[in-house]
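Note sheet for the following structure.
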Amino acid sequence: MGRGARVGTAVALAAWTVVVPAVADPGRAATERLAVAEVVDIAPGVRPGDRELARPALRSDLTGERFYFVMPDRFANGDGRNDRGGSAETDRLKTGFDPADKGFYHGGDLAGLRSKMDYLRGMGTTAIWMTPMFANRWVQGSGADVSAGYHGYWTTDFTRLDPHFGSTADMRAVIADAHRLGMKVFFDIVANHTADVISYAEPGNQYRSTSAYPYRDADGNVVDIKAHAGKPDFPAIAEFPYTPVVTDPAAKTPAWLNDPSLYHNRGDSTFAGESTEYGDFFGLDDLMTEHPRVVRGMTEIFTSWIDVLGIDGYRVDTVKHVNMEFWQALAPKVKAYAKARGKPDFFVFGEVYSDDAELTSSYTTTGTMQATLDFPFQAGAADFLSGRGADRLADVLLADDHYTDADSNAASLPTFLGNHDMGRIAWMLRDRRPGISDSELLSRLRLGNALMYLWRGNPVVYYGDEQGFAGHGGDKLARQDMFASSTPEFMAETFVGAGRTGAQDNFNRAHPLYRQLASLSSFVDRDDVWADGAQALRFAQGDVVAFSRLSARDRREHVVVANAGLSSTTVDIPVSSGSYQVEFPERGGRVRATGGKVRVVVPALSVLALRATERLRDASVVPTLVAPAVGTVLDERVEVRADGILAPFAQATFAARVKGTRGWTVLGTDDAAPYRVFADVMALPGAGVGAEVEFRVVAKDGSGPLGADSAAIRLVAAPPEPAGPAWLVIHYNRPAGDYDGWGLHTWGDVETPTAWDRPLPFTGETHYGRFAWIRLLPGARQVGVVIHKGDQKDGGDRLITPTGQLWLRQGSDTQYTSEIEAAGSVTVHYKRLSGDYTDLALRVPGRPDIPFAGRDAFGAVATAPAVEFDLVSGGVVLRRIQPARSALWLREGDSRVFASLAAAENRAVLHYHRPGGDYSGWTLYHWAGSLTPSPDWAASSLPSGRDSFGVLWSVPLAAGAGGLSHIVHQGEVKDPGADQVLEVGVVGYEVWFISGSASPDGSAVYVLSG
């Protein structure tokens, strides 16, 4: 039965009409926020109409296609006459052609691609996705930043192909050949921006925010384009943040693209906050996709090429930089248009460059796109393949439910290991495993290919990966030539697995990775389960991950076990059948299950797959619906879950309706545990304050009986959204203590973005490491940071949701929200009056005792894992400790656990930083709580010392004092301006604060030590 925090009277809602799912309005006002006031239990059991709700999990979109992502300019040169785009010029700055420069056209074209169709089909490719083919601005930039549009993302004319690649007739020939060989063809297309043609009358191109520079109409009224997005009454804008200047009024085609009022004109994006959608993507002209003329124009472009070429789908660039209303308007129209033209399986997937499934999935649920590129899988696979464990990969599967709704799910996501922007997986593995041998790297690449082909979705091979291409980074460094290169960097590279270089033609069908991909393709073609079977996590520990694939048709479990470790391992994997046969990498012996598990030995750096020898039997399902709990705010999608489904395979359909409305809104069908969907409750017809929403789950297993349950929630107005923190504090640990020169490059919702050559230094120091403060803009939602020293980076670009404090570690991409989690250990400081610590130790269950071998001014020191442990003396347990910080202090005979040395010594320690470094004359006046209060204002205390942060005061406290009243001042000037109280029970005994940092009530804003 349904369960919640409060049980009320049973409710029965009638009318079984099923309605089309509602589409969320991403522009809803904050005043419309709703929350759960009450959860009402409803008796379980099947009702009339449940059979209609009990739907199979969707597989209507493409699954199991094997994409080959190709950059035609770098693939094969079949017609040298078009190398300069048909121009008689020889100047590379006019033609864009310079095969010796990695940033210019190299001569690859459609004729070359067509000549290699058998090569692609030979390794099992079923779909070709090529970078944009439209006419581009051939050269952009100047000096060292000059580059050409070989990649296709600087479009000037959406109605014709770039002559560097060939003609429309050439493209038709490519598509015809591909279709003849059983391969689909996908266009890469851009709706976010065009080539950089618009300049500004004002100097500079720094992003100008909507708060400081709003749009205005002819009467001077502020225009909120977000509120008008997608609506026919979109107002005419007369005043822009920057005044657009167009020197060539016919530079773009179609002609409507030349209207500068159809662009945002806000300057360069910082890739955080509102600039993500409104800012220019590295200077490219950012279309105002909120405008109905842009929506209509782009819809015409997207649909016209279906008629002209008969293509099979689109990959859409920079999707997250476009407002959601645009995709809600465009994606369904393109799909419907293709269907009307005889292409019912036309497929549109978008690039949402993020490893956060909550974000990427929002474009297939709220945004109505069919799929997004699976960046979460890429991040998890890269961690797994580089030896960082299976946890992140396991999380990818558990997050798949975010994609489940009434018309899509994770089964259609294109999966990949590397690409033209982030770089190739071979380079990533070399970067993460310095000194890796060529043979080990080849094995890890083979492991990655096998994992990707046996995972749900549509695997994507980035051109050249099948030849062992690695490169030396992302972007231009990952865009090598398949034909014999003239680019020095590419010519010098020796590729993995074959000993060939970039100076040679590299269409080697004998390459071990090419042969492996061909073999994998043959294997997955033998059983439809690899194309569209459900996938459920079975095991994830250390370097091993295991999952099941199971289809509703065959109902036979296939179990995949992957080992990224350097040694063979034996694991026990939970399964659903009694007997299995090894089917991959080759057919082998049988394995029997014992106690619901099979024991398998998986060699190092390899994948093993088992196939059940018999089908699963039908089983009954008895779901228990779990509704969102009381107090849950509903301004984002929330989990609706069904517990208690113990059948080996089931399909659970979730639906919802508001009392008093007709029909159910189907939320989605899940076919793998945990059974759940993430519902947009506020989008339900009739949802509002006082409404009652019933959730229902109907589950089935094969042809067995249905099981069903319901629960209802009552809605109330939610409190206003909190404003968010004013500061973000980044803690950073370098084990060797070498912090000199290291700092933060910051952008996004920050008050002062940093220049690359002037990073924000790590000035404050705690026992964890160093930290830096970042002042945020009001309502900050996203901050970008890079940790670097000059051009040396520790990790890549990090996009952070500011929540106060964050802890990072050298060499790790993980963002920790607590100090002890980041440290992974706890250092215990212990003081005995006798000074004898010979019999003292820390005892962690299952490990040898840890002696107090270290000494400091306080006493003795020992370090233990960050788990519960005992303090023992002579083998006798003195006390049990559950650590909350990465360091703690204890005194013999005192039951308290101190979080800092200052607390252990009953002192208040205030660290004070002035950005200008001017500390002369600044003193501390202290009174209540002080053991030795300042005698008068003129006799305030000088700093007790200096550190990397600035100056500090160490003030002994009176016995039992709950805090310290104090004022930092220079004469009559107070900082931050009011009398302060350091409440030690709230903020601790040791704190750091920056000049002028104050909360709205005037109290100082402190950084705590943990």
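How things are named: the first chain in the structure tokens is A, the next is B, and so on; residues count from 1 in each chain; ligands count from 1 in the order shown.
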Residue set, segment 452-689 of chain A restricted to helix (DSSP H, G or I), as a PDB file with C-alpha atoms, in the first residue's frame:
ATOM      1  CA  MET A 452      30.072   0.267 -24.382  1.00  0.00           C
ATOM      2  CA  TYR A 453      28.716  -2.315 -26.820  1.00  0.00           C
ATOM      3  CA  LEU A 454      27.153  -4.446 -24.076  1.00  0.00           C
ATOM      4  CA  ASP A 465      39.538   5.291 -32.254  1.00  0.00           C
ATOM      5  CA  GLU A 466      39.378   2.020 -34.169  1.00  0.00           C
ATOM      6  CA  GLN A 467      42.943   2.767 -35.339  1.00  0.00           C
ATOM      7  CA  ASP A 475      39.564  20.042 -29.341  1.00  0.00           C
ATOM      8  CA  LYS A 476      42.141  20.496 -32.154  1.00  0.00           C
ATOM      9  CA  LEU A 477      44.519  17.974 -30.574  1.00  0.00           C
ATOM     10  CA  ALA A 478      41.911  15.213 -30.945  1.00  0.00           C
ATOM     11  CA  PRO A 488      53.541  17.990 -37.784  1.00  0.00           C
ATOM     12  CA  GLU A 489      51.760  17.148 -34.494  1.00  0.00           C
ATOM     13  CA  PHE A 490      49.705  14.431 -36.181  1.00  0.00           C
ATOM     14  CA  MET A 491      52.551  13.033 -38.265  1.00  0.00           C
ATOM     15  CA  PRO A 512      43.207  -5.090 -33.323  1.00  0.00           C
ATOM     16  CA  LEU A 513      40.645  -2.429 -32.336  1.00  0.00           C
ATOM     17  CA  TYR A 514      39.010  -2.422 -35.779  1.00  0.00           C
ATOM     18  CA  ARG A 515      38.791  -6.205 -35.650  1.00  0.00           C
ATOM     19  CA  GLN A 516      37.434  -6.097 -32.092  1.00  0.00           C
ATOM     20  CA  LEU A 517      34.663  -3.650 -33.051  1.00  0.00           C
ATOM     21  CA  ALA A 518      33.712  -5.843 -35.997  1.00  0.00           C
ATOM     22  CA  SER A 519      33.601  -8.863 -33.693  1.00  0.00           C
ATOM     23  CA  LEU A 520      31.548  -7.006 -31.077  1.00  0.00           C
ATOM     24  CA  SER A 521      29.079  -5.963 -33.762  1.00  0.00           C
ATOM     25  CA  SER A 522      28.646  -9.572 -34.859  1.00  0.00           C
ATOM     26  CA  PHE A 523      28.159 -10.685 -31.269  1.00  0.00           C
ATOM     27  CA  VAL A 524      25.464  -8.157 -30.314  1.00  0.00           C
ATOM     28  CA  VAL A 529      18.695  -8.205 -25.806  1.00  0.00           C
ATOM     29  CA  TRP A 530      21.846  -6.148 -26.484  1.00  0.00           C
ATOM     30  CA  ALA A 531      19.864  -3.669 -28.558  1.00  0.00           C
ATOM     31  CA  ASP A 532      16.823  -3.073 -26.399  1.00  0.00           C
ATOM     32  CA  VAL A 681       3.919  17.352 -10.277  1.00  0.00           C
ATOM     33  CA  MET A 682       3.448  21.044 -11.006  1.00  0.00           C
ATOM     34  CA  ALA A 683       2.892  20.254 -14.710  1.00  0.00           C
TER      35      ALA A 683
END
request  = Determine which residues of segment 592-668 of chain A DSSP labels as strand (DSSP E) from the backbone of this structure, then write them out as a ChimeraX atom specification.
outcome  = /A:592,597-602,606-612,624-626,638-643,651-658,664-668
request  = Tell me which protein, DNA and RNA residues are within 8 Å of segment 633-649 of chain A, counting only C-alpha atoms, leaving out same-chain ones fewer than 6 positions away, and put them as a PyMOL selection string.
outcome  = chain A and resi 33-36+550+555+576+616+619-627+671-672+674-682+695+697+701-702+718
Compile the contact shell of segment 308-323 of chain A as a CSV table (one decimal) with C-alpha atoms, in the first residue's frame: residues with an atom at most 7 Å away, counting only C-alpha atoms, same-chain residues fewer than 2 positions apart removed.
chain,number,residue,atom,x,y,z
A,172,ARG,CA,22.8,12.4,-51.8
A,184,LYS,CA,21.7,5.5,-41.6
A,185,VAL,CA,23.1,9.0,-42.0
A,186,PHE,CA,22.8,11.8,-39.3
A,187,PHE,CA,23.5,15.5,-39.7
A,188,ASP,CA,25.1,17.5,-37.0
A,189,ILE,CA,23.2,20.8,-36.7
A,190,VAL,CA,23.5,24.0,-34.6
A,192,ASN,CA,22.3,28.0,-30.7
A,276,THR,CA,24.7,29.7,-20.3
A,277,GLU,CA,21.7,30.5,-22.5
A,289,THR,CA,15.9,31.3,-29.5
A,290,GLU,CA,13.1,32.6,-27.3
A,304,SER,CA,13.7,21.1,-45.2
A,305,TRP,CA,16.8,18.9,-45.2
A,306,ILE,CA,14.6,15.9,-44.6
A,325,GLU,CA,10.8,26.3,-24.7
A,326,PHE,CA,12.7,26.2,-28.0
A,346,PHE,CA,13.6,9.6,-37.5
A,347,PHE,CA,15.9,10.3,-34.5
A,348,VAL,CA,17.0,13.6,-32.9
A,349,PHE,CA,19.5,13.5,-30.1
A,350,GLY,CA,21.2,16.5,-28.4
A,351,GLU,CA,24.6,17.4,-26.9
A,352,VAL,CA,24.1,18.4,-23.3
As an mmCIF file with C-alpha atoms, in the first residue's frame, please: the residues near Ile800 of chain A (cut-off 6 Å, only C-alpha atoms, same-chain neighbours under 2 positions excluded).
data_model
loop_
_atom_site.group_PDB
_atom_site.id
_atom_site.type_symbol
_atom_site.label_atom_id
_atom_site.label_comp_id
_atom_site.auth_asym_id
_atom_site.auth_seq_id
_atom_site.Cartn_x
_atom_site.Cartn_y
_atom_site.Cartn_z
ATOM 1 C CA GLN A 782 26.489 27.925 -10.949
ATOM 2 C CA VAL A 783 30.161 28.724 -10.546
ATOM 3 C CA PRO A 802 27.310 26.889 -4.645
#
